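One structure is given here, and the rest of the page talks about it.
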Amino acid sequence: MSGLHELLLLCVVLTNFWVLGTTRLSSTIRATAIQGALLAGLPIALHPGWSLHTVGLAAGTFAVKALLLPAFLSWAIREAAVRREIEPLIGFSASMVLGAVAVALSFGIAQRIPLQESNSSLLIPVALATVMVGLLVLTTRNKALTQVVGYLLLENGIYVFGLSQAERVPFLVELGVLLDIFVGIFIMGIVVFHINRAFDSLDSTRLSELKD
Amino acid sequence: MGLLLLVLFPAGAAAVAYFVRSARLRLGLLVGTALLHLASTARLWADPVGPELGGWLAVDALGLLVLTLVSVLFLVVAVYAVGFLRTEPPRGGRVFVSGLLGFLAAATLVAVSHHLALLWVGMETTTLSLAPLIYHRHDRRSLEAVWKYLLLSSVGIALALFGTFFLAAAQTSGRPLLLEDLIAGGARLQPALLRTAFTFLLVGYGTKMGLAPLHAWKPDTYGEAPSLVAGLMAGGLTSCAFLGVARITQVTMAAGQAAFVQPLFLAFGMVSLVVAAAFMIGQPDLKRLLAYSSVEHMGLLVLGLGLGGVGPYGTVLHLVNNGLTKGVMFLAVGNVVLVTGAATREAARGILRRLPVSGVLLLLGLFAVTGSPPFGLFLSEFIILKAAIAQGHLMIALTVVALLAVIFVGMGAVVLDVIYSPSEVPTRGAGESLLLVAGPAVLLLAVLVLGLYVPPPLNRVLLAAARGLGVTP
């Protein structure tokens with residue numbers, strides 16, 4: 001099974017680039033759904049031998065990140081007339097390049113982190129790269145929905161990092177984290193829905209009334 | 001009452017409140033839960049209970065302080081909410097009461113959890129439970145506010161989770177992420193990973209505290225949220241976030257990393273004071289003014305931690321004073337909003353004649369919040385300044401005094417203007433009922449008493465809370 005988790009982690013990086021490169025909002029959501037499914041496979045691939053902890057975590061992650069959240073986000077944008085990300089702060093090809101830089105940086109940084117034990121040499125770099133891509137999407141995209149996806153990528157990166165500490169974080173707490181993220185994105189999705197109705201646009205740059 | 005029950009019964013009340021159809025019954029549930037919560041918290045002072053769930057839940061001095069502050073503030077806000085919802089249209093009553101009770105449960109979890117990942121779960125829940133309440137008015141401005149609040153707080157709190165995992169990685173002995181074991185095994189924590197963990201946790205929970213430059217959500221959120229929600233956030237939510245910062249401080253101090261931690265605290269503290277002072281001058285909106293005042297006081301809290309010496313004692317005393325005073329100010333401004341429909345200077349002018357009690361509360365609250373004697377904040381700010389001088393940070397002491405003077409003038413100009421100018425905007429609604437002024441008056445009295453006399457039992461708890469936050473000799 002040792003090769004499987006490396007393959008899954010590489011696919012996670014590919015889905016990051018998918019999010020960075022795509023213009024269609026529905027395609028962005030599909031990319032996060034696939035990433036969610038890949039993440040659900042990771043605990044089982046990393047810790048062979050079926051325990052309640054790994055199977056429960058995999059099932060919970062699959063339900064929340066691969067099924068519920070993508071379905072809900074699709075509902076939130078269904079009414080929107082605008083289905084594309086237009087004029088992001090940084091262009092699509094430029095952000096792909098930045099994504100590649102993030103991956104390179106992550107490998108550099110990961111070597112300097114003195115973790116005692118590691119199940120996979122790819123785990124920490126992929127976690128860091130996903131966190132960076134999440135922050136990149138959050139800060140450079142204008143659509144409220146794409147920003148939610150950026151937040152989801154950020155959380156996914158942290159989840160991958162957390163897998164390196166899986167023995168130390170109890171199952172109950174992980175379920176609590178998963179539930180909080182689910183509710184958080186659920187509320188964000190409702191806000192996105194309201195933004196769409198109030199402004200006839202998912203553009204978060206319209207949200208600029210409040211300032212000093 | 002056991003600690004687990006103390007978390008679960010407000011959570012249960014929140015669930016029940018959502019399905020109760022009668023508004024009267026719902027408000028009864030709100031106030032009843034608040035009363036029971038305060039009574040159970042008071043019992044913890046008399047006879048403390050031991051750790052529960054294998055040490056995951058426990059009460060120490062610092063946790064007890066935050067728990068009591070939240071509990072007192074919540075009862076005041078709950079009583080105020082009865083008067084507030086009477087004047088508001090019925091929309092949102094169920095979500096409103098449910099959200100408030102959910103916040104109480106989550107804040108209790110933060111205060112009593114000694115497992116740092118569980119603390120994170122509680123912290124994220126406090127953020128989420130108040131989000132629907134910010135959107136109470138259902139207009140574009142509150143929509144923008146709730147969006148900024150959700151996005152910035154969520155990113156901040158995600159970074160705190162990252163930091164929590166780093167802390168787990170730094171640990172080489174003891175039960176994972178349990179506060180007691182982290183502190184006892186402080187010397188064996190891996191220093192590089194611990195410093196990374198501290199940085200992420202400070203940035204994460206610092207965002208929730210609203211330390212500058214991580215405060216961008218604060219003025220918008222406090223400005224648009226109903227006043228009682230803003231008061232609960234400025235007094236309760238930020239205190240919970242401070243507790244998150246304080247927990248990781250306890251661990252890093254036990255690990256002997258004071259030299260790394262203290263400069264970071266000093267930097268965040270000073271930047272917060274400067275930003276607050278700059279944006280308070282000429283601020284046209286009272287609630288935004290109070291939001292910057294909150295940035296100022298959060299800055300003072302971490303400044304006290306950064307100074308060492310008697311600084312941490314000043315910080316924990318200031319935590320209590322600030323929480324109570326923010327309740328007074330936001331609820332008094334809330335009464336202004338109820339009769340004028342806005343919190344702007346124009347709307348609030350002539351308030352002393354129209355709402356005499358709220359006007360007096362606002363005036364006295366101004367002196368309390370700017371740290372004038374004889375109120376409690378004078379005492380705690382004085383202790384923090386004394387720490388600065390005693391630890392040889394004379395420049396910091398002088399700069400802080402100058403900035404506090406600027407803040408006093410800036411805030412005083414705005415508040416005195418609205419209190420003494422003749423009114424321009426017509427009044428609507430019924431004015432001030434006992435429900436709307438009794439709570440803030442009690443809080444103000446408490447701040448006054450704390451400035452004159454710190455009761456010995458409270459002082460013992462303050463000393464015990466400050467002990468872990470300083471350098472252990």
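By order in the structure tokens, chains are A, B, ...; within a chain, residues start at 1; ligands start at 1, following the order shown.
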Exercise for review: Show me which bits of chain A are within 7 Å of chain B, counting only C-alpha atoms, as an NGL selection string.
Suggested key: :A and (115 or 151 or 155 or 158 or 162 or 165 or 168 or 173 or 176-177 or 180 or 184 or 191 or 198 or 207 or 209-210)
Practice item. Pick out each residue of chain A that DSSP on the backbone tags as strand (DSSP E or B); I need them as a PyMOL selection string. Key: chain A and resi 24+84+143+203
Practice item. From the DSSP assignment of the backbone, select every residue of range 122-242 of chain B that is alpha helix (DSSP H), and format the answer as a ChimeraX atom specification. Key: /B:122-134,140-170,179-184,191-209,217-224,227-232,238-242
Check your understanding: Please, what distance in Å, to one decimal, runs between CA of Leu85 in chain B and CA of Gly32 in chain B?
Key ->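 Distance between the two atoms: 16.4 Å.
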**Study point:** Residues within 12 Å of Ser106 in chain A, only C-alpha atoms, excluding chain neighbours under 6 positions, as a PyMOL selection string
**Key:** chain A and resi 13+99-100+112-113+121-133+157
**Study point:** Gly439 in chain B environment, 9 Å, only C-alpha atoms, sequence neighbours closer than 2 positions dropped, as an MDAnalysis selection string
**Key:** chainID B and resid 73 75:77 79:80 327:328 331 434:437 441:444
Store the residues picked out above, limited to N, CA and C atoms, as an mmCIF file, in the first residue's frame.
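The resulting file, again_8.cif, is shown below:
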```cif
data_model
loop_
_atom_site.group_PDB
_atom_site.id
_atom_site.type_symbol
_atom_site.label_atom_id
_atom_site.label_comp_id
_atom_site.auth_asym_id
_atom_site.auth_seq_id
_atom_site.Cartn_x
_atom_site.Cartn_y
_atom_site.Cartn_z
ATOM 1 N N LEU B 73 -21.751 38.663 32.008
ATOM 2 C CA LEU B 73 -22.091 39.471 30.839
ATOM 3 C C LEU B 73 -23.304 38.881 30.111
ATOM 4 N N LEU B 75 -25.799 37.116 31.353
ATOM 5 C CA LEU B 75 -27.059 37.353 32.058
ATOM 6 C C LEU B 75 -27.559 38.772 31.766
ATOM 7 N N VAL B 76 -26.639 39.735 31.811
ATOM 8 C CA VAL B 76 -27.010 41.118 31.522
ATOM 9 C C VAL B 76 -27.559 41.246 30.103
ATOM 10 N N VAL B 77 -26.847 40.606 29.156
ATOM 11 C CA VAL B 77 -27.278 40.678 27.759
ATOM 12 C C VAL B 77 -28.622 39.976 27.564
ATOM 13 N N VAL B 79 -31.101 39.655 29.758
ATOM 14 C CA VAL B 79 -32.171 40.515 30.264
ATOM 15 C C VAL B 79 -32.415 41.662 29.278
ATOM 16 N N TYR B 80 -31.323 42.214 28.756
ATOM 17 C CA TYR B 80 -31.438 43.300 27.785
ATOM 18 C C TYR B 80 -32.171 42.817 26.527
ATOM 19 N N GLY B 327 -19.622 45.914 28.000
ATOM 20 C CA GLY B 327 -21.052 45.664 28.149
ATOM 21 C C GLY B 327 -21.806 46.958 28.396
ATOM 22 N N VAL B 328 -21.314 47.779 29.330
ATOM 23 C CA VAL B 328 -21.973 49.060 29.631
ATOM 24 C C VAL B 328 -22.091 49.909 28.371
ATOM 25 N N LEU B 331 -24.373 48.512 25.405
ATOM 26 C CA LEU B 331 -25.801 48.503 25.718
ATOM 27 C C LEU B 331 -26.337 49.932 25.812
ATOM 28 N N LEU B 434 -36.839 49.669 32.226
ATOM 29 C CA LEU B 434 -35.915 49.172 33.247
ATOM 30 C C LEU B 434 -35.044 48.042 32.693
ATOM 31 N N LEU B 435 -35.657 47.195 31.806
ATOM 32 C CA LEU B 435 -34.927 46.069 31.237
ATOM 33 C C LEU B 435 -33.697 46.526 30.460
ATOM 34 N N LEU B 436 -33.792 47.739 29.873
ATOM 35 C CA LEU B 436 -32.728 48.198 28.985
ATOM 36 C C LEU B 436 -31.624 48.948 29.720
ATOM 37 N N VAL B 437 -31.870 49.379 30.963
ATOM 38 C CA VAL B 437 -30.838 50.156 31.660
ATOM 39 C C VAL B 437 -30.312 49.481 32.927
ATOM 40 N N ALA B 441 -26.228 49.338 34.151
ATOM 41 C CA ALA B 441 -25.955 50.077 35.391
ATOM 42 C C ALA B 441 -25.240 49.181 36.397
ATOM 43 N N VAL B 442 -25.690 47.911 36.493
ATOM 44 C CA VAL B 442 -25.036 46.977 37.415
ATOM 45 C C VAL B 442 -23.578 46.759 37.007
ATOM 46 N N LEU B 443 -23.342 46.591 35.686
ATOM 47 C CA LEU B 443 -21.974 46.379 35.210
ATOM 48 C C LEU B 443 -21.083 47.566 35.545
ATOM 49 N N LEU B 444 -21.633 48.779 35.349
ATOM 50 C CA LEU B 444 -20.851 49.987 35.624
ATOM 51 C C LEU B 444 -20.480 50.050 37.101
#
```
**Study point:** Contacts of Ile248 in chain B at 12 Å (only C-alpha atoms; same-chain gap of 6+ positions) as a PyMOL selection string
**Key:** chain B and resi 114-117+119-120+160+163-164+166-167+177-180+182-183+186+194-206+241-242+254-255+257-258+261+305+468-469
Review point. Skipping near chain neighbours, those fewer than 4 positions away, what residues fall within 12 Å of Asp47 in chain B using only C-alpha atoms, listed as a list of chain:residue names?
Key: B:Met1, B:Gly2, B:Ser40, B:Thr41, B:Ala42, B:Arg43, B:Val59
**Study point:** Exercise: Met411 in chain B partners within 10 Å, only C-alpha atoms, chain neighbours under 5 positions left out, as a PyMOL selection string
**Key:** chain B and resi 277+280-283+286+289-290+292-293+366-367+369-370+405-406+416-417
